[in-house]
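> Take this structure first; my questions come after.
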Amino acid sequence: MVLVEPVDEAVQCIEDGDVVGIGGFVAVSIPEYVLEGLGERYAATGAPGHLTLYHPAAEGDRQGNGISHLVQDGMIERVIGSHWGFVPELMEKVVAGEVEAYNLPFGAMDHLLRDTAAGKPGTITTVGLRTFVDPRQEGAKANEETTEDIVEVVTIDGEEYLFYNAQPLDVAIIRGTTADENGNITMEREALTSNMLAMAQAAHNAGGTVIAQVERVTEAGSLSAREIDVPGVVVDKVVEAPASHHKQTYGEDYSGAFSGEIKVPQDDGTDRTPLTERKVIARRAAMELVPDAVVNLGVGVPETIPAVANEGNISDEITQTVEAGPIGGSPSGGISFGTAVNHEALVTSPEQFDFYDGGGLDIGYLGMAQIDAEGNINVSRFGSQLPGCGGFINITQNAEKVVFCGTLTTGGLEVDIGGGTLDIASEGESTKFVDAVEQITFSGEYAVETDQPVVYVTERAVFELSSDGLVLTEVAPGVDVEADVIDNMAFEPAIADDLAEMHPALFREAPMDLTEYVN
């Protein structure tokens, strides 16, 4: 039988210098009780120190929870993660050079878990080529203190790939709902199954230890075999957590809609969003949809697309997905990002990235923070801010089409919209269209090589990617091309010979019928 232990005893197995994997996704299904217990052990004893954290999905909430419990002087020596935006304390240490750090794509990290578990030397994929992950650029190294190469370029049949070196785990900390006395884990009340099985197998097959936090423990043989997500053969220790430390997300104690236990009433289709620049961008982005489109919507402006799709009578043409695993339904925003309600299916995050990397997405709608003349996008590093790439590279590089959404300028931008036109009342303090992005999170060069259609939608102009870089293809009615667009860019884009006017309906209060554009 697997040991069911108090948390302070369970974490005693973690030793100085161990590589520790953390399951979960951002603020969802985090093994909070075990992480807090591990942090308390270090605060009291100074051990275990010099840990390497392998954490694929930004496990935190910006409020000191999640892996923030482990951000103590001397406790962490190296981190391998995809995103640090929800763990600002760790991001600060990375930027300051106090820990070694690698920023890898979320999907590559999940797939690397499976390949490590399978005894393979690593993961071979195109994901990350020509971005900062490529060793010909930064090799995913997040600071100067990080010197070891863990990503290589390899050539197979004349085609380039990246090879991510295997990362065996000494300890995996995962989470589920119910454990039986043999350590079998079910996840019936979890919002996600996440990467828990892959994480556990990667540690177990490397001779490591797997600690599972659960809500409850039941007798051996009482769980249905078809409901078990992590088999007991890979679990070593079980910790039963109090309800206060086993919330479904950091913002939700428990929602039956997140777990799939219940369905909630559907929206009536009435768009209640005001006519702002965000709505204009979302409307124009929705015009890129194709029938029965399978999409991924990033945070920010893309989150508005379902509302305008409802208003435009095309909501039935969209199947939304989230990299964390939900397929269909309505993805959640805010602190519960990663979850969904009324979803049709829920797969693991490694399986979702199989679908994404293989070209399963018809369109990826993502935000854009910096854009340059070559069509490169940066969303991962800005001076002392290092949020990381998350799943952005997997999604944008492999979707059939990618549509980037955002305002042309930022910081105080105010626009007057109505009557079919747009007027710039107050320009933003800085442009997003820069001479050179600080870091390449999306490679325009690679997109051109792979013939991927790429569209950049702003409130006043639309651009497309060509072999010669960014091309201005549309401008809003009421907008002056030179004064309002080009003069607010750090470079001069090519201008299409057939430069068009953005549809006036984008800039009217009345609902915009989008059915004629989905064909």
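Ordering of the structure tokens sets the chain letters (A, B, ...); residue numbers start at 1 within each chain; ligands are numbered from 1 in the order shown.
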Do a neighbour search on range 380-387 of chain A at 6 Å with only C-alpha atoms, toss out local chain neighbours closer than 3 positions, and write the hits as a list in words.

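Non-adjacent residues within range: His83, Trp84 and Gly85 of chain A.
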
> Mind dumping a table of every range 424-505 of chain A residue within 9 Å of range 361-376 of chain A, with the nearest atom pair and its distance in Å to one decimal, using only C-alpha atoms, sorted by chain and rising number, as JSON lines?


{"residue": "A:Thr431", "atom": "CA", "partner": "A:Gln370", "partner_atom": "CA", "distance": 8.2}
{"residue": "A:Lys432", "atom": "CA", "partner": "A:Gln370", "partner_atom": "CA", "distance": 4.7}
{"residue": "A:Phe433", "atom": "CA", "partner": "A:Ile371", "partner_atom": "CA", "distance": 4.7}
{"residue": "A:Val434", "atom": "CA", "partner": "A:Asp372", "partner_atom": "CA", "distance": 5.2}
{"residue": "A:Asp435", "atom": "CA", "partner": "A:Asp372", "partner_atom": "CA", "distance": 5.7}
{"residue": "A:Ala436", "atom": "CA", "partner": "A:Asp372", "partner_atom": "CA", "distance": 5.4}
{"residue": "A:Val437", "atom": "CA", "partner": "A:Gln370", "partner_atom": "CA", "distance": 5.8}
{"residue": "A:Glu438", "atom": "CA", "partner": "A:Gln370", "partner_atom": "CA", "distance": 8.0}
{"residue": "A:Gln439", "atom": "CA", "partner": "A:Asn376", "partner_atom": "CA", "distance": 8.8}
{"residue": "A:Ile440", "atom": "CA", "partner": "A:Asn376", "partner_atom": "CA", "distance": 6.1}
{"residue": "A:Thr441", "atom": "CA", "partner": "A:Asn376", "partner_atom": "CA", "distance": 7.4}
{"residue": "A:Phe442", "atom": "CA", "partner": "A:Asn376", "partner_atom": "CA", "distance": 5.5}
{"residue": "A:Ser443", "atom": "CA", "partner": "A:Asn376", "partner_atom": "CA", "distance": 4.9}
{"residue": "A:Gly444", "atom": "CA", "partner": "A:Gly375", "partner_atom": "CA", "distance": 4.6}
{"residue": "A:Glu445", "atom": "CA", "partner": "A:Glu374", "partner_atom": "CA", "distance": 7.0}
{"residue": "A:Ala447", "atom": "CA", "partner": "A:Gly375", "partner_atom": "CA", "distance": 9.0}
{"residue": "A:Val454", "atom": "CA", "partner": "A:Gly375", "partner_atom": "CA", "distance": 8.6}
{"residue": "A:Tyr456", "atom": "CA", "partner": "A:Met368", "partner_atom": "CA", "distance": 8.5}
{"residue": "A:Glu464", "atom": "CA", "partner": "A:Gly375", "partner_atom": "CA", "distance": 8.5}
{"residue": "A:Leu465", "atom": "CA", "partner": "A:Gly375", "partner_atom": "CA", "distance": 6.3}
{"residue": "A:Ser466", "atom": "CA", "partner": "A:Gly375", "partner_atom": "CA", "distance": 8.6}
{"residue": "A:Ser467", "atom": "CA", "partner": "A:Glu374", "partner_atom": "CA", "distance": 8.7}
{"residue": "A:Asp468", "atom": "CA", "partner": "A:Glu374", "partner_atom": "CA", "distance": 7.5}
{"residue": "A:Gly469", "atom": "CA", "partner": "A:Glu374", "partner_atom": "CA", "distance": 4.4}
{"residue": "A:Leu470", "atom": "CA", "partner": "A:Ala373", "partner_atom": "CA", "distance": 5.5}
{"residue": "A:Val471", "atom": "CA", "partner": "A:Ala373", "partner_atom": "CA", "distance": 8.8}
{"residue": "A:Ala490", "atom": "CA", "partner": "A:Asp372", "partner_atom": "CA", "distance": 8.3}
{"residue": "A:Phe491", "atom": "CA", "partner": "A:Ala373", "partner_atom": "CA", "distance": 6.6}
{"residue": "A:Glu492", "atom": "CA", "partner": "A:Ala373", "partner_atom": "CA", "distance": 7.8}
{"residue": "A:Pro493", "atom": "CA", "partner": "A:Ala373", "partner_atom": "CA", "distance": 6.6}

> Write out, as a PDB file, in the first residue's frame, the residues just selected, with C-alpha atoms.


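Printed below is part-v1.pdb as written:
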ATOM      1  CA  THR A 431       3.797  52.111 -30.302  1.00  0.00           C
ATOM      2  CA  LYS A 432       3.664  48.336 -30.399  1.00  0.00           C
ATOM      3  CA  PHE A 433       5.223  48.392 -33.877  1.00  0.00           C
ATOM      4  CA  VAL A 434       8.926  48.713 -33.085  1.00  0.00           C
ATOM      5  CA  ASP A 435      12.279  48.681 -34.897  1.00  0.00           C
ATOM      6  CA  ALA A 436      13.232  45.341 -33.375  1.00  0.00           C
ATOM      7  CA  VAL A 437      11.368  43.187 -30.878  1.00  0.00           C
ATOM      8  CA  GLU A 438      13.241  42.539 -27.641  1.00  0.00           C
ATOM      9  CA  GLN A 439      12.735  38.809 -28.036  1.00  0.00           C
ATOM     10  CA  ILE A 440      11.302  36.706 -30.846  1.00  0.00           C
ATOM     11  CA  THR A 441       8.381  34.675 -29.503  1.00  0.00           C
ATOM     12  CA  PHE A 442       6.864  34.279 -32.976  1.00  0.00           C
ATOM     13  CA  SER A 443       9.100  34.191 -36.043  1.00  0.00           C
ATOM     14  CA  GLY A 444       7.778  35.921 -39.132  1.00  0.00           C
ATOM     15  CA  GLU A 445      10.632  34.404 -41.116  1.00  0.00           C
ATOM     16  CA  ALA A 447       5.935  31.609 -40.917  1.00  0.00           C
ATOM     17  CA  VAL A 454      -0.620  35.639 -40.647  1.00  0.00           C
ATOM     18  CA  TYR A 456      -2.262  41.507 -37.569  1.00  0.00           C
ATOM     19  CA  GLU A 464      -0.645  40.814 -43.416  1.00  0.00           C
ATOM     20  CA  LEU A 465       2.682  39.006 -43.525  1.00  0.00           C
ATOM     21  CA  SER A 466       4.407  38.620 -46.873  1.00  0.00           C
ATOM     22  CA  SER A 467       7.834  37.447 -47.994  1.00  0.00           C
ATOM     23  CA  ASP A 468       8.885  41.112 -47.803  1.00  0.00           C
ATOM     24  CA  GLY A 469       7.585  41.599 -44.273  1.00  0.00           C
ATOM     25  CA  LEU A 470       4.549  43.453 -42.981  1.00  0.00           C
ATOM     26  CA  VAL A 471       2.087  44.828 -45.534  1.00  0.00           C
ATOM     27  CA  ALA A 490       8.860  52.771 -35.775  1.00  0.00           C
ATOM     28  CA  PHE A 491       9.173  51.470 -39.341  1.00  0.00           C
ATOM     29  CA  GLU A 492       7.365  52.057 -42.609  1.00  0.00           C
ATOM     30  CA  PRO A 493       5.458  49.004 -43.788  1.00  0.00           C
TER      31      PRO A 493
END

> Name all residues at most 10 Å from Thr147 in chain A (count only C-alpha atoms; drop same-chain ones fewer than 4 positions away) and give them as a compact mmCIF listing (two decimals) with all heavy atoms, in the first residue's frame.


# COMPACT_ATOMS: atom_id res chain seq x y z
N GLU A 100 19.60 30.17 -12.09
CA GLU A 100 19.67 29.83 -13.50
C GLU A 100 18.26 29.58 -13.99
O GLU A 100 17.41 29.11 -13.24
CB GLU A 100 20.53 28.57 -13.71
CG GLU A 100 21.97 28.72 -13.29
CD GLU A 100 22.74 27.43 -13.47
OE1 GLU A 100 22.22 26.50 -14.14
OE2 GLU A 100 23.85 27.32 -12.94
N ALA A 101 18.00 29.89 -15.26
CA ALA A 101 16.62 29.76 -15.74
C ALA A 101 16.56 29.50 -17.23
O ALA A 101 17.30 30.10 -18.02
CB ALA A 101 15.83 31.02 -15.41
N TYR A 102 15.65 28.61 -17.61
CA TYR A 102 15.34 28.32 -19.00
C TYR A 102 13.84 28.56 -19.22
O TYR A 102 13.02 28.12 -18.41
CB TYR A 102 15.67 26.86 -19.35
CG TYR A 102 17.12 26.51 -19.21
CD1 TYR A 102 17.62 26.05 -17.99
CD2 TYR A 102 18.00 26.64 -20.28
CE1 TYR A 102 18.95 25.72 -17.84
CE2 TYR A 102 19.34 26.30 -20.14
CZ TYR A 102 19.82 25.84 -18.92
OH TYR A 102 21.14 25.52 -18.78
N GLY A 139 18.80 30.18 -27.14
CA GLY A 139 18.80 28.83 -26.60
C GLY A 139 17.94 28.66 -25.36
O GLY A 139 18.21 27.80 -24.52
N LYS A 141 17.79 30.36 -22.81
CA LYS A 141 18.44 30.81 -21.57
C LYS A 141 17.88 32.18 -21.19
O LYS A 141 17.87 33.11 -21.98
CB LYS A 141 19.95 30.90 -21.75
CG LYS A 141 20.62 29.58 -22.17
CD LYS A 141 22.12 29.78 -22.32
CE LYS A 141 22.82 28.52 -22.83
NZ LYS A 141 22.59 28.30 -24.29
N ALA A 142 17.43 32.29 -19.95
CA ALA A 142 16.74 33.50 -19.51
C ALA A 142 17.65 34.55 -18.89
O ALA A 142 17.20 35.67 -18.63
CB ALA A 142 15.63 33.13 -18.54
N ASN A 143 18.90 34.20 -18.59
CA ASN A 143 19.83 35.19 -18.05
C ASN A 143 21.27 34.75 -18.32
O ASN A 143 21.51 33.63 -18.80
CB ASN A 143 19.59 35.44 -16.56
CG ASN A 143 19.66 34.16 -15.73
OD1 ASN A 143 20.40 33.23 -16.04
ND2 ASN A 143 18.90 34.11 -14.64

> So that I can see what lies close to Val71 in chain A, please list as a list of chain:residue names the residues with an atom at most 12 Å from it, counting only C-alpha atoms and leaving out residues fewer than 6 positions away in the same chain.

A:Leu35, A:Glu36, A:Leu38, A:Gly39, A:Glu40, A:Tyr42, A:Ala43, A:Gly49, A:His50, A:Leu51, A:Thr52, A:Leu53, A:Gly60, A:Gly64, A:Asn65, A:Glu77, A:Arg78, A:Val79, A:Val87, A:Pro88, A:Glu89, A:Leu90, A:Met91, A:Glu92, A:Lys93, A:Val94, A:Glu98, A:Val99

> Hey, what does DSSP flag as alpha helix (DSSP H) within range 332-485 of chain A? Can you give it to me as a list in words?

Ser349, Pro350, Glu351, Gln352, Phe353, Asp354, Phe355, Tyr356, Asp357, Phe392, Ile393, Asn394, Ile395, Thr396, Gln397, Asn398, Gly444, Glu445, Tyr446, Ala447, Val448 and Glu449 of chain A

> Keeping only N, CA and C atoms, take the residues you just selected and write them out as a tab-separated table (two decimals), in the first residue's frame.


chain	number	residue	atom	x	y	z
A	349	SER	N	-3.08	17.99	-20.96
A	349	SER	CA	-2.38	19.04	-21.71
A	349	SER	C	-1.36	18.47	-22.70
A	350	PRO	N	-0.63	17.38	-22.40
A	350	PRO	CA	0.24	16.82	-23.44
A	350	PRO	C	-0.55	16.36	-24.66
A	351	GLU	N	-1.73	15.80	-24.45
A	351	GLU	CA	-2.56	15.38	-25.58
A	351	GLU	C	-3.07	16.59	-26.36
A	352	GLN	N	-3.42	17.65	-25.66
A	352	GLN	CA	-3.87	18.85	-26.36
A	352	GLN	C	-2.76	19.41	-27.24
A	353	PHE	N	-1.53	19.38	-26.74
A	353	PHE	CA	-0.42	19.88	-27.56
A	353	PHE	C	-0.07	18.93	-28.69
A	354	ASP	N	-0.38	17.65	-28.58
A	354	ASP	CA	-0.27	16.75	-29.74
A	354	ASP	C	-1.17	17.27	-30.86
A	355	PHE	N	-2.39	17.63	-30.48
A	355	PHE	CA	-3.37	18.15	-31.43
A	355	PHE	C	-2.90	19.46	-32.03
A	356	TYR	N	-2.43	20.37	-31.18
A	356	TYR	CA	-1.96	21.67	-31.66
A	356	TYR	C	-0.74	21.52	-32.58
A	357	ASP	N	0.27	20.81	-32.10
A	357	ASP	CA	1.52	20.72	-32.85
A	357	ASP	C	1.34	20.01	-34.19
A	392	PHE	N	2.29	29.98	-26.10
A	392	PHE	CA	2.20	30.88	-27.25
A	392	PHE	C	2.92	30.32	-28.48
A	393	ILE	N	4.12	29.78	-28.30
A	393	ILE	CA	4.91	29.31	-29.44
A	393	ILE	C	4.25	28.10	-30.09
A	394	ASN	N	3.81	27.14	-29.28
A	394	ASN	CA	3.12	25.97	-29.85
A	394	ASN	C	1.92	26.39	-30.67
A	395	ILE	N	1.12	27.30	-30.12
A	395	ILE	CA	-0.14	27.68	-30.75
A	395	ILE	C	0.11	28.47	-32.03
A	396	THR	N	0.91	29.52	-31.95
A	396	THR	CA	1.09	30.40	-33.10
A	396	THR	C	1.88	29.75	-34.22
A	397	GLN	N	2.81	28.89	-33.87
A	397	GLN	CA	3.67	28.31	-34.90
A	397	GLN	C	2.95	27.22	-35.70
A	398	ASN	N	1.93	26.59	-35.09
A	398	ASN	CA	1.35	25.41	-35.72
A	398	ASN	C	-0.10	25.54	-36.16
A	444	GLY	N	8.36	35.64	-37.83
A	444	GLY	CA	7.78	35.92	-39.13
A	444	GLY	C	8.51	35.19	-40.24
A	445	GLU	N	9.82	35.10	-40.12
A	445	GLU	CA	10.63	34.40	-41.12
A	445	GLU	C	10.20	32.95	-41.26
A	446	TYR	N	9.99	32.28	-40.13
A	446	TYR	CA	9.60	30.87	-40.17
A	446	TYR	C	8.19	30.72	-40.73
A	447	ALA	N	7.30	31.66	-40.40
A	447	ALA	CA	5.94	31.61	-40.92
A	447	ALA	C	5.92	31.73	-42.43
A	448	VAL	N	6.77	32.62	-42.97
A	448	VAL	CA	6.87	32.77	-44.43
A	448	VAL	C	7.39	31.47	-45.05
A	449	GLU	N	8.39	30.87	-44.44
A	449	GLU	CA	8.95	29.62	-44.97
A	449	GLU	C	7.92	28.51	-45.02

> Which residues, written as a list of chain:residue names, have at least one atom at most 9 Å from Gln320 in chain A, with only C-alpha atoms counted and residues fewer than 4 positions away on the same chain left out?

A:Ala293, A:Val294, A:Val295, A:Asn296, A:Leu297, A:Pro306, A:Pro326, A:Ile327, A:Gly328, A:Gly329, A:Ser330, A:Pro331, A:His343

> As a ChimeraX atom specification, please: the residues near range 210-221 of chain A (cut-off 7 Å, only C-alpha atoms, same-chain neighbours under 4 positions excluded).

/A:31,34,171-182,200,203-204,234-241,246

> Can you list, as a PyMOL selection string, every protein, DNA or RNA residue that comes within 9 Å of Ala58 in chain A when you count only C-alpha atoms, leaving out same-chain residues fewer than 3 positions away?

chain A and resi 24-27+55+61+66-67+81-87+390

> Just checking: using only C-alpha atoms, which residue out of A:Thr321, A:Asn313, A:Gln137, A:Ser68 ends up closest to Met287 in chain A?

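Smallest distance to Met287 in chain A is found for A:Asn313.
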
> Let me make sure I understand: among A:His503, A:Pro168, A:Met1, A:Gly107, which one has the smallest atom-to-atom distance to Gly358 in chain A if we use only C-alpha atoms?

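Among the listed residues, A:Gly107 lies closest to Gly358 in chain A.
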
> Which of these residues is nearest to Ile305 in chain A, using only C-alpha atoms: A:Ile156, A:Cys13, A:Val322, A:Ala282?

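The answer is A:Ala282, which sits nearest to Ile305 in chain A.
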
> Write out as a ChimeraX atom specification the set of residues from range 35-253 of chain A that DSSP, computed on the backbone, places in strand (DSSP E).

/A:51-55,76-81,100-103,122-125,151-156,159-165,171-175,178-180,185-186,209-214,216-218,228-230,237-240
